[in-house]
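Report on the structure given below.
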2 protein chains.
Amino acid sequence: MTEIDRMLEANTQWAERFPGSRPVAPARKVAVVACMDSRMPLFPLLGLEVGDAHVIRNAGGVVTDDTLRSLTISQHLLGTREVVLVHHTDCGMQKTDDQGLADLVEETTGHRPPWTGRTFTDLDADVRESMEILRGTPYLLSHEVRGTVYDVATGQLREIV
Amino acid sequence: MTEIDRMLEANTQWAERFPGSRPVAPARKVAVVACMDSRMPLFPLLGLEVGDAHVIRNAGGVVTDDTLRSLTISQHLLGTREVVLVHHTDCGMQKTDDQGLADLVEETTGHRPPWTGRTFTDLDADVRESMEILRGTPYLLSHEVRGTVYDVATGQLREIV
């Protein structure tokens with residue numbers, strides 16, 4: 001049985017206790033932008049219920065063109081008005097640099113990726129940089145953004161100001 | 001109290017029942033690529049535990065350069081070897097088209113976004129297109145990918161083949 005088969009089986013149990021449908025627009029008008037890290041189940045971690053908030057995740061939780069595309073759709077089409085960033089300690093993005101990542105991929109597959117890895121060294125600085133980018137993006141409707149770092153060893157969030 | 005204040009308060013409760021630390025590499029070696037939709041708490045929906053799988057999410061759950069960046073890091077640096085796509089019914093991305101979205105953003109803010117919205121009309125076709133892109137990306141280590149659509153009215157996943 002592959003992992004997706006296990007997930008499909010687990011989903012039948014979820015569907016049996018399904019809490020019911022909700023509107024497409026997030027009830028709490030928030031979009032969360034977080035790292036893809038496997039140790040962050042964002043709904044319980046942030047006290048979110050089904051239907052509360054958009055959840056955008058990528059490697060590092062960094063602000064890319066795709067993050068901005070998603071936030072624009074979130075705000076313009078679906079009414080969110082706050083952004084919450086969630087980076088975390090012990091991030092895979094701190095374990096290499098952009099050059100090292102591109103070299104590794106090229107050595108292993110023979111193909112150099114056409115994008116930049118967006119690795120970082122200073123966690124707090126990267127959260128601040130992400131906040132700055134969002135505050136300076138003219139086509140967003142709201143620039144209300146706050147940033148946090150999640151400690152994967154304790155489960156605690158720390159706000160970055 | 002803003003929404004993030006509520007989240008920080010909820011997080012103190014999460015930290016009190018924190019299940020303990022896990023390694024950075026996902027235990028089940030899976031990366032999930034899903035839509036940002038607020039009605040999909042992916043951990044319980046797929047039967048995932050803390051530390052099991054990477055979770056990549058954007059508007060539509062579409063495969064963009066940023067998705068490929070995240071999956072490359074997931075596979076090359078953190079050992080995942082399967083990808084599971086999760087699109088869903090009643091998606092905001094089906095409510096407009098790329099031109100309409102860009103026009104709306106420009107009319108409201110005076111700025112036209114520099115990217116394409118990646119809206120779609122046919123849900124199953126978009127899942128299949130995403131699978132094709134992933135299977136044809138030469139710098140990924142694994143091309144094991146399966147696609148699903150989540151029904152937001154019933155909680156059930158349906159595999160797309």
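All residue names refer to the structure tokens as shown: chains lettered A, B, ... in order, residues numbered from 1 in each chain, ligands numbered from 1 in order.
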Interface residues on chain A facing chain B, 6 Å, only C-alpha atoms, written as a PyMOL selection string: chain A and resi 7+10-11+14-15+18+21+26+36-39+45-47+50-59+70+109+111+139+153+155-156
Strand (DSSP E or B) call set, DSSP backbone run, chain A, as a list in words: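 Filtering chain A down to strand (DSSP E or B) leaves Val30, Ala31, Val32, Val33, Ala34, Cys35, Ala53, His54, Val55, Ile56, Arg57, Asn58, Glu82, Val83, Val84, Leu85, Val86, His87, His88, Val145, Arg146, Gly147, Thr148, Val149, Tyr150, Leu157, Arg158, Glu159 and Ile160 of chain A.
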Write the residues of the selection above to a file with C-alpha atoms, as a PDB file, in the first residue's frame.
```pdb
ATOM      1  CA  VAL A  30      -7.030  35.806   7.366  1.00  0.00           C
ATOM      2  CA  ALA A  31      -4.434  34.260   5.093  1.00  0.00           C
ATOM      3  CA  VAL A  32      -1.592  32.315   6.710  1.00  0.00           C
ATOM      4  CA  VAL A  33       1.715  32.067   4.796  1.00  0.00           C
ATOM      5  CA  ALA A  34       3.879  29.291   6.238  1.00  0.00           C
ATOM      6  CA  CYS A  35       6.693  26.891   5.499  1.00  0.00           C
ATOM      7  CA  ALA A  53      -8.419  31.030   6.997  1.00  0.00           C
ATOM      8  CA  HIS A  54      -6.507  30.497   3.758  1.00  0.00           C
ATOM      9  CA  VAL A  55      -3.298  28.541   4.154  1.00  0.00           C
ATOM     10  CA  ILE A  56      -0.436  29.193   1.716  1.00  0.00           C
ATOM     11  CA  ARG A  57       2.699  27.092   2.169  1.00  0.00           C
ATOM     12  CA  ASN A  58       6.007  26.659   0.347  1.00  0.00           C
ATOM     13  CA  GLU A  82      -4.844  40.095   7.368  1.00  0.00           C
ATOM     14  CA  VAL A  83      -1.712  38.076   6.626  1.00  0.00           C
ATOM     15  CA  VAL A  84       0.122  35.984   9.230  1.00  0.00           C
ATOM     16  CA  LEU A  85       3.591  34.601   8.410  1.00  0.00           C
ATOM     17  CA  VAL A  86       4.813  31.405  10.095  1.00  0.00           C
ATOM     18  CA  HIS A  87       8.490  30.496   9.718  1.00  0.00           C
ATOM     19  CA  HIS A  88      10.069  27.950  12.094  1.00  0.00           C
ATOM     20  CA  VAL A 145       0.839  41.655   8.105  1.00  0.00           C
ATOM     21  CA  ARG A 146       2.435  40.148  11.171  1.00  0.00           C
ATOM     22  CA  GLY A 147       5.240  37.621  11.360  1.00  0.00           C
ATOM     23  CA  THR A 148       6.013  34.721  13.680  1.00  0.00           C
ATOM     24  CA  VAL A 149       8.558  31.963  14.196  1.00  0.00           C
ATOM     25  CA  TYR A 150       7.393  28.530  15.398  1.00  0.00           C
ATOM     26  CA  LEU A 157       5.014  30.714  18.365  1.00  0.00           C
ATOM     27  CA  ARG A 158       7.083  33.862  18.825  1.00  0.00           C
ATOM     28  CA  GLU A 159       6.055  37.091  17.156  1.00  0.00           C
ATOM     29  CA  ILE A 160       8.704  39.008  15.187  1.00  0.00           C
TER      30      ILE A 160
END
```
Expected answer as a VMD selection string: helix (DSSP H, G or I) residues in chain B: chain B and resid 3 to 16 42 to 46 59 to 61 65 to 76 92 to 94 98 to 109 123 to 135
Distance of CA of Thr80 (chain B) from CA of His143 (chain B), expressed in Å to one decimal place: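 Pair CA of His143 (chain B) / CA of Thr80 (chain B) returns 10.9 Å.
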Interatomic distance (Å, one decimal) between CA of Asp122 (chain B) and CA of Arg81 (chain A):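 Interatomic distance, CA of Asp122 (chain B) to CA of Arg81 (chain A): 28.6 Å.
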